[in-house]
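Following: one structure in structure tokens, then a few remarks.
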Amino acid sequence: MGPRSRERRAGAVQSTNDSSALSKSSLAARGYVHDAFAALLVPGAPRRVPLIHRGYYVRARAVQHCVRAFLEQTCAACGAPRSQILSLGAGSDSLYFRLKTAGLLTWAAVWEVDFPDVARRKAERIQDTPELCALTGPFQSGDPALALCFESLDYRILGLDLRQLQQLDQTLASSGLDAAAPTLLLAEAVLTYLEPESARALIAWAAQRFPNALFIVYEQMRPHDAFGQFMQQHFQRLNSPLHGLDRFPDVKAQQHRFLQAGWTACSVMDMNEFYRCFLPTEERQRIENLEPFDEFEEWHLKCAHYFILAASRGDTLSKTLVFPPSEAFRHVDPASPSGIFPASVVASDSQDPQLKRYGHASVLLSPGIILSAGGFGEQEGRHCRVSKFYLLSRYCDFEWKGKQICTSGTGAQWDGRLYHTMTRLSDTQILVLGGRLSPVTPAFGVLQLRICKIEDNSTEDLNVTVTKLGPEESPLSCWRHSTTEVSHENQKYLFVYGGRSVVEPVLSDWHFLHVETMAWVRIPVEGETPEGRHSHSACSWQGGALMAGGLGAFEEPLSSVLFLKPTSRGFFWESIDIHPPITPRYSHTAHVLNGKLLLVGGVWIHSSSVPGVTVIDLMTGLSSEYQIDTTCVPWPLMLHNHTSTLLPEEQQLLLLGGGGNCFSFGTYFNPQPITLDLSSLSVG
């Protein structure tokens, strides 16, 4: 890489600091953390979305946890050497000022290192801000020609390139850093921006230079799955690619990386595990109620792709349990794959409009007609709540044709809801239940869709008439629920279960809708009431309903499989014993084929593998796992917030849409319908 390329790359990396600093300022402004200094160090206060706030919150709490563990261990003994914190790539972070205000720097000092331009800018900002100068005490501003940009009794800011280790070592020593003293090295999203050899050299230098030290690292991992690929593409577009992820893709590889470099102990975990193990339940509940939130999939995926690492050297710090063992988070890896389901792009006219949306619903109207409606997606070149319907029709044995159709001029208009359900009433009629317009606005009312002008599978000149049924005070004001057709006394009913609402983060109630009269009725249901859930799957079986997975109370993924079993009196809740146990998951889809329950895709946090298709024999309870071969489909393929339609005669699943708002990396939509070939699944 030439000098100009390196300069451009350094500038791009520095811009990530500016974005991060503004996110931290927004985080404090919304009450997630107490930080009066973030806004003083970075002018401007754009409000970030709740997903960004959660991501930066768990990062801040993880770093705070590690810093406090270090200070508690090293500052406890009176007369011990002064502890040191060396923040690498510190940017505009306010760590020093937060620690000083909390009285935690009585026996400690802070050194910060970043690119010269970043360090000088921060030093100037501190000098121009009386509230900050009051905390640093008397200071020297430093010579612009020298690396030391700011110096006070317990605070130094140095402008250095971390790749220049000899200069770094000399400048730290000349600025008073004592290599023999207990030292915390902190690198928040820093090492990954260095070329692998530079990062390796920095880790090894720190191990050799500091005999009594703790190295804390927060950064990205898991580059090979769909979310990881999209994450990498984002940073490549910013001209700040993530280096070394291929070589160190997971927690085990990162742990080995530090142990091999000379660190004597190393603990690593992803942010899902940290959040559940090291934050009190009361604090998690506080955070989860600060802002309306409905992006659970992307929250859990973001946390699965970042880790916090603590590596130590020396007798004192090697005994420091930064992450003591906890039973709060149980790893549940799926069984070894029993087979593979090949995925392929649905053959269609290349001029067909693409179905790019998530949070929608789809319904099979007849063997060759599928209608999708609602969700958030791409429409007319912008991202929005989708108002147009999408019809996928088969016009020969192997090819499908997609078509966008609009609401007719008469009747009601589609209200833009998402996370609703759609149920087929006939070849031309669909019932829409629940959904939301925003996390604080449920979609009230029951809608009936009628597709006009379908004759002999012709799909030309179609429109959809929307009719609002019943009063506004429908018992349903939920979303992420399920609707399943069940039978009672030879009558058809729709069983609506679970979900969430504006008031309740998770629901455990249910309702029965009589299909013929469209009346809500009461039917006795016995047995132990299952725990509330949303984003679960549900499908009809033997006149009842099978429920699987979902997200339960405290945003915990569930693994239970339940059967609403028909009885002479009504229904009975029955739990199905699964072995081996399946990994808790949600935001998946499900179907019953030949006496087997298929759980397709979804999100899980208790395993580092990628959800494929879990197959459960409903007679024996035996579970098996099938991988999805994505070689022949556009990548990445995100199998959450999608819909799937079973084509039993073809032994196929047709997957439509899916994706989500992937943290700060942008929004991703699966671009094309996909089929999964289930023919390898044993019929026996």
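To be explicit about the labels: the chains of the structure tokens are called A, B, and onward in the order shown, and within each one the residues are counted from 1, while ligands get numbers from 1 in the order they are shown.
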
Write out as JSON, numbers by chain each polymer residue whose atoms come within 7 Å of region 50-66 of chain A, counting only C-alpha atoms; drop sequence neighbours fewer than 3 positions from it. {"A": [24, 27, 32, 69, 70, 275, 291, 293, 295, 299, 308, 322, 663, 664]}

Hey, could you make a per-residue contact list for region 36-153 of chain A against region 169-192 of chain A with 9 Å as the cut-off, showing the nearest pair of atoms and its distance in Å to one decimal, counting only C-alpha atoms, sorted by chain and number, as JSON lines?
{"residue": "A:Arg59", "atom": "CA", "partner": "A:Glu188", "partner_atom": "CA", "distance": 8.8}
{"residue": "A:Val63", "atom": "CA", "partner": "A:Glu188", "partner_atom": "CA", "distance": 8.3}
{"residue": "A:Val67", "atom": "CA", "partner": "A:Leu184", "partner_atom": "CA", "distance": 7.6}
{"residue": "A:Phe70", "atom": "CA", "partner": "A:Leu184", "partner_atom": "CA", "distance": 7.1}
{"residue": "A:Leu71", "atom": "CA", "partner": "A:Leu184", "partner_atom": "CA", "distance": 8.9}
{"residue": "A:Thr74", "atom": "CA", "partner": "A:Pro182", "partner_atom": "CA", "distance": 6.7}
{"residue": "A:Ala80", "atom": "CA", "partner": "A:Ala181", "partner_atom": "CA", "distance": 8.8}
{"residue": "A:Pro81", "atom": "CA", "partner": "A:Ala181", "partner_atom": "CA", "distance": 5.8}
{"residue": "A:Arg82", "atom": "CA", "partner": "A:Ala181", "partner_atom": "CA", "distance": 6.6}
{"residue": "A:Ser83", "atom": "CA", "partner": "A:Pro182", "partner_atom": "CA", "distance": 5.1}
{"residue": "A:Gln84", "atom": "CA", "partner": "A:Thr183", "partner_atom": "CA", "distance": 4.7}
{"residue": "A:Ile85", "atom": "CA", "partner": "A:Leu184", "partner_atom": "CA", "distance": 4.7}
{"residue": "A:Leu86", "atom": "CA", "partner": "A:Leu185", "partner_atom": "CA", "distance": 4.8}
{"residue": "A:Ser87", "atom": "CA", "partner": "A:Leu186", "partner_atom": "CA", "distance": 4.7}
{"residue": "A:Leu88", "atom": "CA", "partner": "A:Ala187", "partner_atom": "CA", "distance": 5.2}
{"residue": "A:Gly89", "atom": "CA", "partner": "A:Val190", "partner_atom": "CA", "distance": 6.0}
{"residue": "A:Ala90", "atom": "CA", "partner": "A:Ala187", "partner_atom": "CA", "distance": 7.7}
{"residue": "A:Trp111", "atom": "CA", "partner": "A:Leu177", "partner_atom": "CA", "distance": 7.9}
{"residue": "A:Ala147", "atom": "CA", "partner": "A:Thr171", "partner_atom": "CA", "distance": 7.3}
{"residue": "A:Leu148", "atom": "CA", "partner": "A:Ser175", "partner_atom": "CA", "distance": 7.6}
{"residue": "A:Glu151", "atom": "CA", "partner": "A:Ser175", "partner_atom": "CA", "distance": 8.5}

Those selected residues, please, written with N, CA and C atoms and delivered as a PDB file, in the first residue's frame.
ATOM      1  N   ARG A  59     -21.761  -1.733  24.636  1.00  0.00           N
ATOM      2  CA  ARG A  59     -20.319  -1.489  24.487  1.00  0.00           C
ATOM      3  C   ARG A  59     -19.796  -0.677  25.672  1.00  0.00           C
ATOM      4  N   VAL A  63     -17.025  -2.032  28.583  1.00  0.00           N
ATOM      5  CA  VAL A  63     -15.747  -1.367  28.854  1.00  0.00           C
ATOM      6  C   VAL A  63     -15.707  -0.869  30.296  1.00  0.00           C
ATOM      7  N   VAL A  67     -12.861  -1.784  33.115  1.00  0.00           N
ATOM      8  CA  VAL A  67     -12.036  -0.731  33.713  1.00  0.00           C
ATOM      9  C   VAL A  67     -12.193  -0.739  35.232  1.00  0.00           C
ATOM     10  N   PHE A  70     -10.352  -3.604  36.882  1.00  0.00           N
ATOM     11  CA  PHE A  70      -8.918  -3.319  36.948  1.00  0.00           C
ATOM     12  C   PHE A  70      -8.604  -2.355  38.092  1.00  0.00           C
ATOM     13  N   LEU A  71      -9.349  -1.264  38.184  1.00  0.00           N
ATOM     14  CA  LEU A  71      -9.065  -0.266  39.214  1.00  0.00           C
ATOM     15  C   LEU A  71      -9.319  -0.813  40.609  1.00  0.00           C
ATOM     16  N   THR A  74      -6.219  -3.018  41.401  1.00  0.00           N
ATOM     17  CA  THR A  74      -4.876  -2.422  41.456  1.00  0.00           C
ATOM     18  C   THR A  74      -4.785  -1.220  42.378  1.00  0.00           C
ATOM     19  N   ALA A  80       0.782   0.872  46.798  1.00  0.00           N
ATOM     20  CA  ALA A  80       1.119   0.172  45.561  1.00  0.00           C
ATOM     21  C   ALA A  80       1.454   1.190  44.479  1.00  0.00           C
ATOM     22  N   PRO A  81       2.206   0.774  43.432  1.00  0.00           N
ATOM     23  CA  PRO A  81       2.511   1.703  42.341  1.00  0.00           C
ATOM     24  C   PRO A  81       1.236   2.262  41.724  1.00  0.00           C
ATOM     25  N   ARG A  82       1.323   3.489  41.240  1.00  0.00           N
ATOM     26  CA  ARG A  82       0.165   4.116  40.620  1.00  0.00           C
ATOM     27  C   ARG A  82      -0.283   3.318  39.394  1.00  0.00           C
ATOM     28  N   SER A  83      -1.570   3.026  39.325  1.00  0.00           N
ATOM     29  CA  SER A  83      -2.102   2.293  38.175  1.00  0.00           C
ATOM     30  C   SER A  83      -2.172   3.212  36.964  1.00  0.00           C
ATOM     31  N   GLN A  84      -2.122   2.571  35.785  1.00  0.00           N
ATOM     32  CA  GLN A  84      -2.107   3.339  34.543  1.00  0.00           C
ATOM     33  C   GLN A  84      -3.144   2.775  33.573  1.00  0.00           C
ATOM     34  N   ILE A  85      -3.814   3.664  32.877  1.00  0.00           N
ATOM     35  CA  ILE A  85      -4.718   3.274  31.798  1.00  0.00           C
ATOM     36  C   ILE A  85      -4.168   3.846  30.502  1.00  0.00           C
ATOM     37  N   LEU A  86      -3.923   2.977  29.547  1.00  0.00           N
ATOM     38  CA  LEU A  86      -3.417   3.381  28.234  1.00  0.00           C
ATOM     39  C   LEU A  86      -4.495   3.075  27.206  1.00  0.00           C
ATOM     40  N   SER A  87      -5.165   4.127  26.745  1.00  0.00           N
ATOM     41  CA  SER A  87      -6.265   3.969  25.791  1.00  0.00           C
ATOM     42  C   SER A  87      -5.727   4.163  24.380  1.00  0.00           C
ATOM     43  N   LEU A  88      -5.760   3.085  23.603  1.00  0.00           N
ATOM     44  CA  LEU A  88      -5.232   3.097  22.236  1.00  0.00           C
ATOM     45  C   LEU A  88      -6.354   3.421  21.257  1.00  0.00           C
ATOM     46  N   GLY A  89      -6.140   4.427  20.419  1.00  0.00           N
ATOM     47  CA  GLY A  89      -7.208   4.853  19.515  1.00  0.00           C
ATOM     48  C   GLY A  89      -8.367   5.447  20.278  1.00  0.00           C
ATOM     49  N   ALA A  90      -8.055   6.308  21.259  1.00  0.00           N
ATOM     50  CA  ALA A  90      -9.079   6.806  22.184  1.00  0.00           C
ATOM     51  C   ALA A  90     -10.089   7.726  21.525  1.00  0.00           C
ATOM     52  N   TRP A 111      -3.365   7.710  29.942  1.00  0.00           N
ATOM     53  CA  TRP A 111      -2.678   8.095  28.708  1.00  0.00           C
ATOM     54  C   TRP A 111      -3.603   7.740  27.536  1.00  0.00           C
ATOM     55  N   ALA A 147       4.782  14.843  19.798  1.00  0.00           N
ATOM     56  CA  ALA A 147       3.650  13.920  19.886  1.00  0.00           C
ATOM     57  C   ALA A 147       2.779  14.202  21.092  1.00  0.00           C
ATOM     58  N   LEU A 148       3.350  14.820  22.146  1.00  0.00           N
ATOM     59  CA  LEU A 148       2.587  15.074  23.358  1.00  0.00           C
ATOM     60  C   LEU A 148       1.730  16.322  23.160  1.00  0.00           C
ATOM     61  N   GLU A 151      -0.880  17.644  28.533  1.00  0.00           N
ATOM     62  CA  GLU A 151      -0.267  17.005  29.698  1.00  0.00           C
ATOM     63  C   GLU A 151      -0.743  17.686  30.973  1.00  0.00           C
TER      64      GLU A 151
END

Using only C-alpha atoms, which protein or nucleic acid residues come within 7 Å of Tyr419 (chain A)? Drop anything in the same chain fewer than 2 positions from it, and give the result as number ranges by chain. A: 359-360, 375, 421, 435-436, 479-480

Just list as a PyMOL selection string whatever in region 127-252 of chain A DSSP marks as helix (DSSP H, G or I). chain A and resi 127+130-136+165-174+191-193+196-209+226-237+251-252

Would you mind listing what lies within 9 Å of Pro580 (chain A) as an mmCIF file with all heavy atoms, in the first residue's frame, with only C-alpha atoms counted and same-chain residues fewer than 4 positions away left out?
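Okay, result37.cif is ready:
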data_model
loop_
_atom_site.group_PDB
_atom_site.id
_atom_site.type_symbol
_atom_site.label_atom_id
_atom_site.label_comp_id
_atom_site.auth_asym_id
_atom_site.auth_seq_id
_atom_site.Cartn_x
_atom_site.Cartn_y
_atom_site.Cartn_z
ATOM 1 N N PRO A 334 -26.552 -26.560 18.164
ATOM 2 C CA PRO A 334 -27.389 -27.567 17.505
ATOM 3 C C PRO A 334 -26.617 -28.852 17.258
ATOM 4 O O PRO A 334 -25.380 -28.869 17.265
ATOM 5 C CB PRO A 334 -27.781 -26.886 16.185
ATOM 6 C CG PRO A 334 -26.684 -25.901 15.936
ATOM 7 C CD PRO A 334 -26.244 -25.421 17.282
ATOM 8 N N ALA A 335 -27.354 -29.935 17.043
ATOM 9 C CA ALA A 335 -26.723 -31.217 16.734
ATOM 10 C C ALA A 335 -25.991 -31.144 15.397
ATOM 11 O O ALA A 335 -26.236 -30.252 14.576
ATOM 12 C CB ALA A 335 -27.793 -32.309 16.689
ATOM 13 N N GLY A 621 -40.432 -37.174 18.721
ATOM 14 C CA GLY A 621 -39.768 -36.053 19.364
ATOM 15 C C GLY A 621 -38.307 -35.918 18.994
ATOM 16 O O GLY A 621 -37.614 -35.032 19.510
ATOM 17 N N LEU A 622 -37.813 -36.772 18.103
ATOM 18 C CA LEU A 622 -36.411 -36.693 17.689
ATOM 19 C C LEU A 622 -36.193 -35.473 16.794
ATOM 20 O O LEU A 622 -36.973 -35.223 15.863
ATOM 21 C CB LEU A 622 -35.997 -37.958 16.942
ATOM 22 C CG LEU A 622 -35.839 -39.228 17.787
ATOM 23 C CD1 LEU A 622 -35.595 -40.441 16.881
ATOM 24 C CD2 LEU A 622 -34.689 -39.068 18.778
ATOM 25 N N SER A 623 -35.125 -34.732 17.083
ATOM 26 C CA SER A 623 -34.799 -33.553 16.275
ATOM 27 C C SER A 623 -33.513 -33.788 15.496
ATOM 28 O O SER A 623 -32.622 -34.523 15.937
ATOM 29 C CB SER A 623 -34.639 -32.316 17.164
ATOM 30 O OG SER A 623 -33.476 -32.420 17.974
ATOM 31 N N SER A 624 -33.424 -33.174 14.351
ATOM 32 C CA SER A 624 -32.212 -33.229 13.527
ATOM 33 C C SER A 624 -32.044 -31.881 12.837
ATOM 34 O O SER A 624 -32.992 -31.107 12.705
ATOM 35 C CB SER A 624 -32.295 -34.363 12.493
ATOM 36 O OG SER A 624 -33.463 -34.244 11.703
#

Pick out the closest residue to Gly544 (chain A) from this set: A:Lys401, A:Arg585, A:His514, A:His488. Count only C-alpha atoms.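 Between A:Lys401, A:Arg585, A:His514, A:His488, the residue approaching Gly544 (chain A) most closely is A:His488.
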
May I ask which of the residues A:Pro342, A:Pro475, A:Gly411, A:Gly228 is the closest one to Tyr668 (chain A), counting only C-alpha atoms? A:Gly228

If we count only C-alpha atoms, what is near Asp677 (chain A) at a cut-off of 9 Å, once residues fewer than 2 positions away on the same chain are taken out, given as a short mmCIF file (atom, residue, chain, number, x, y, z; two decimals) with N, CA, C and O atoms, in the first residue's frame?
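Result saved to part.cif:
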data_model
loop_
_atom_site.label_atom_id
_atom_site.label_comp_id
_atom_site.auth_asym_id
_atom_site.auth_seq_id
_atom_site.Cartn_x
_atom_site.Cartn_y
_atom_site.Cartn_z
N ILE A 340 -28.34 -31.72 3.98
CA ILE A 340 -28.27 -30.39 3.38
C ILE A 340 -29.50 -30.17 2.51
O ILE A 340 -29.93 -31.07 1.78
N PHE A 341 -30.07 -28.97 2.59
CA PHE A 341 -31.15 -28.57 1.70
C PHE A 341 -30.58 -27.53 0.73
O PHE A 341 -30.24 -26.42 1.14
N PRO A 342 -30.46 -27.88 -0.56
CA PRO A 342 -29.94 -26.91 -1.53
C PRO A 342 -30.92 -25.75 -1.73
O PRO A 342 -32.14 -25.95 -1.78
N ALA A 343 -30.39 -24.55 -1.83
CA ALA A 343 -31.20 -23.36 -2.11
C ALA A 343 -30.93 -22.90 -3.53
O ALA A 343 -29.80 -22.99 -4.03
N SER A 344 -31.95 -22.41 -4.19
CA SER A 344 -31.79 -21.90 -5.55
C SER A 344 -32.74 -20.73 -5.75
O SER A 344 -33.76 -20.59 -5.07
N GLU A 650 -44.05 -30.52 -4.76
CA GLU A 650 -42.70 -30.33 -5.30
C GLU A 650 -41.61 -30.64 -4.27
O GLU A 650 -40.43 -30.58 -4.58
N GLN A 651 -42.02 -30.90 -3.00
CA GLN A 651 -41.05 -31.09 -1.91
C GLN A 651 -40.12 -29.88 -1.82
O GLN A 651 -38.88 -30.00 -1.75
N GLN A 652 -40.73 -28.70 -1.81
CA GLN A 652 -39.97 -27.46 -1.78
C GLN A 652 -40.57 -26.48 -0.78
O GLN A 652 -41.75 -26.53 -0.45
N LEU A 653 -39.70 -25.58 -0.30
CA LEU A 653 -40.13 -24.40 0.43
C LEU A 653 -39.77 -23.18 -0.40
O LEU A 653 -38.65 -23.09 -0.92
N THR A 675 -35.96 -20.96 -3.33
CA THR A 675 -36.58 -22.25 -2.99
C THR A 675 -35.56 -23.13 -2.27
O THR A 675 -34.36 -23.10 -2.56
N SER A 679 -36.24 -32.62 -0.89
CA SER A 679 -36.40 -34.00 -1.34
C SER A 679 -35.51 -34.98 -0.58
O SER A 679 -35.80 -36.18 -0.54
N SER A 680 -34.44 -34.48 0.03
CA SER A 680 -33.55 -35.38 0.78
C SER A 680 -34.13 -35.75 2.15
O SER A 680 -33.60 -36.62 2.82
#

Name the closest residue to Phe97 (chain A) among the candidates A:Leu259, A:Ala538, A:Ala36, A:Cys75; distances are taken between atoms, counting only C-alpha atoms. A:Ala36

Excluding same-chain residues fewer than 4 positions from Phe495 (chain A), what lies within 8 Å of it counting only C-alpha atoms, as a PDB file with N, CA, C and O atoms, in the first residue's frame?
ATOM      1  N   SER A 482     -49.276 -14.916  16.175  1.00  0.00           N
ATOM      2  CA  SER A 482     -49.514 -15.967  15.183  1.00  0.00           C
ATOM      3  C   SER A 482     -51.011 -16.171  15.022  1.00  0.00           C
ATOM      4  O   SER A 482     -51.794 -15.915  15.942  1.00  0.00           O
ATOM      5  N   THR A 483     -51.407 -16.603  13.840  1.00  0.00           N
ATOM      6  CA  THR A 483     -52.800 -16.939  13.549  1.00  0.00           C
ATOM      7  C   THR A 483     -52.810 -18.305  12.873  1.00  0.00           C
ATOM      8  O   THR A 483     -52.152 -18.493  11.847  1.00  0.00           O
ATOM      9  N   THR A 484     -53.536 -19.254  13.456  1.00  0.00           N
ATOM     10  CA  THR A 484     -53.524 -20.636  12.980  1.00  0.00           C
ATOM     11  C   THR A 484     -54.952 -21.148  12.860  1.00  0.00           C
ATOM     12  O   THR A 484     -55.780 -20.912  13.748  1.00  0.00           O
ATOM     13  N   GLU A 485     -55.224 -21.865  11.782  1.00  0.00           N
ATOM     14  CA  GLU A 485     -56.548 -22.458  11.618  1.00  0.00           C
ATOM     15  C   GLU A 485     -56.650 -23.730  12.449  1.00  0.00           C
ATOM     16  O   GLU A 485     -55.805 -24.624  12.351  1.00  0.00           O
ATOM     17  N   VAL A 486     -57.708 -23.803  13.282  1.00  0.00           N
ATOM     18  CA  VAL A 486     -57.966 -24.984  14.109  1.00  0.00           C
ATOM     19  C   VAL A 486     -59.426 -25.391  13.933  1.00  0.00           C
ATOM     20  O   VAL A 486     -60.233 -24.648  13.364  1.00  0.00           O
ATOM     21  N   TRP A 510     -54.779 -15.456  24.239  1.00  0.00           N
ATOM     22  CA  TRP A 510     -55.182 -15.975  22.938  1.00  0.00           C
ATOM     23  C   TRP A 510     -56.646 -15.634  22.676  1.00  0.00           C
ATOM     24  O   TRP A 510     -57.402 -15.294  23.593  1.00  0.00           O
ATOM     25  N   HIS A 511     -57.025 -15.726  21.406  1.00  0.00           N
ATOM     26  CA  HIS A 511     -58.386 -15.426  20.975  1.00  0.00           C
ATOM     27  C   HIS A 511     -58.782 -16.423  19.896  1.00  0.00           C
ATOM     28  O   HIS A 511     -57.933 -16.894  19.126  1.00  0.00           O
ATOM     29  N   PHE A 512     -60.080 -16.715  19.835  1.00  0.00           N
ATOM     30  CA  PHE A 512     -60.626 -17.571  18.785  1.00  0.00           C
ATOM     31  C   PHE A 512     -61.577 -16.749  17.916  1.00  0.00           C
ATOM     32  O   PHE A 512     -62.480 -16.074  18.443  1.00  0.00           O
ATOM     33  N   LEU A 513     -61.389 -16.809  16.612  1.00  0.00           N
ATOM     34  CA  LEU A 513     -62.266 -16.133  15.659  1.00  0.00           C
ATOM     35  C   LEU A 513     -62.997 -17.187  14.835  1.00  0.00           C
ATOM     36  O   LEU A 513     -62.358 -17.995  14.145  1.00  0.00           O
ATOM     37  N   ALA A 545     -52.950 -26.617  16.875  1.00  0.00           N
ATOM     38  CA  ALA A 545     -51.902 -25.682  16.466  1.00  0.00           C
ATOM     39  C   ALA A 545     -50.590 -26.046  17.154  1.00  0.00           C
ATOM     40  O   ALA A 545     -50.560 -26.331  18.358  1.00  0.00           O
TER      41      ALA A 545
END

Mind checking which residues fall within 10 Å of Thr410 (chain A), counting only C-alpha atoms, ignoring those fewer than 6 positions away in the same chain, and posting them as number ranges by chain? A: 464-467

Here is a test: counting only C-alpha atoms, which residue of A:Tyr390, A:Phe563, A:Tyr193, A:Phe274 is nearest to Ile451 (chain A)?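 Once distances to Ile451 (chain A) are computed over only C-alpha atoms, the minimum belongs to A:Tyr390.
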
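Closest approach to Gly374 (chain A) from the set A:Thr643, A:Ser575, A:Asn661, A:Gln254 is made by A:Thr643, with distances taken over only C-alpha atoms.
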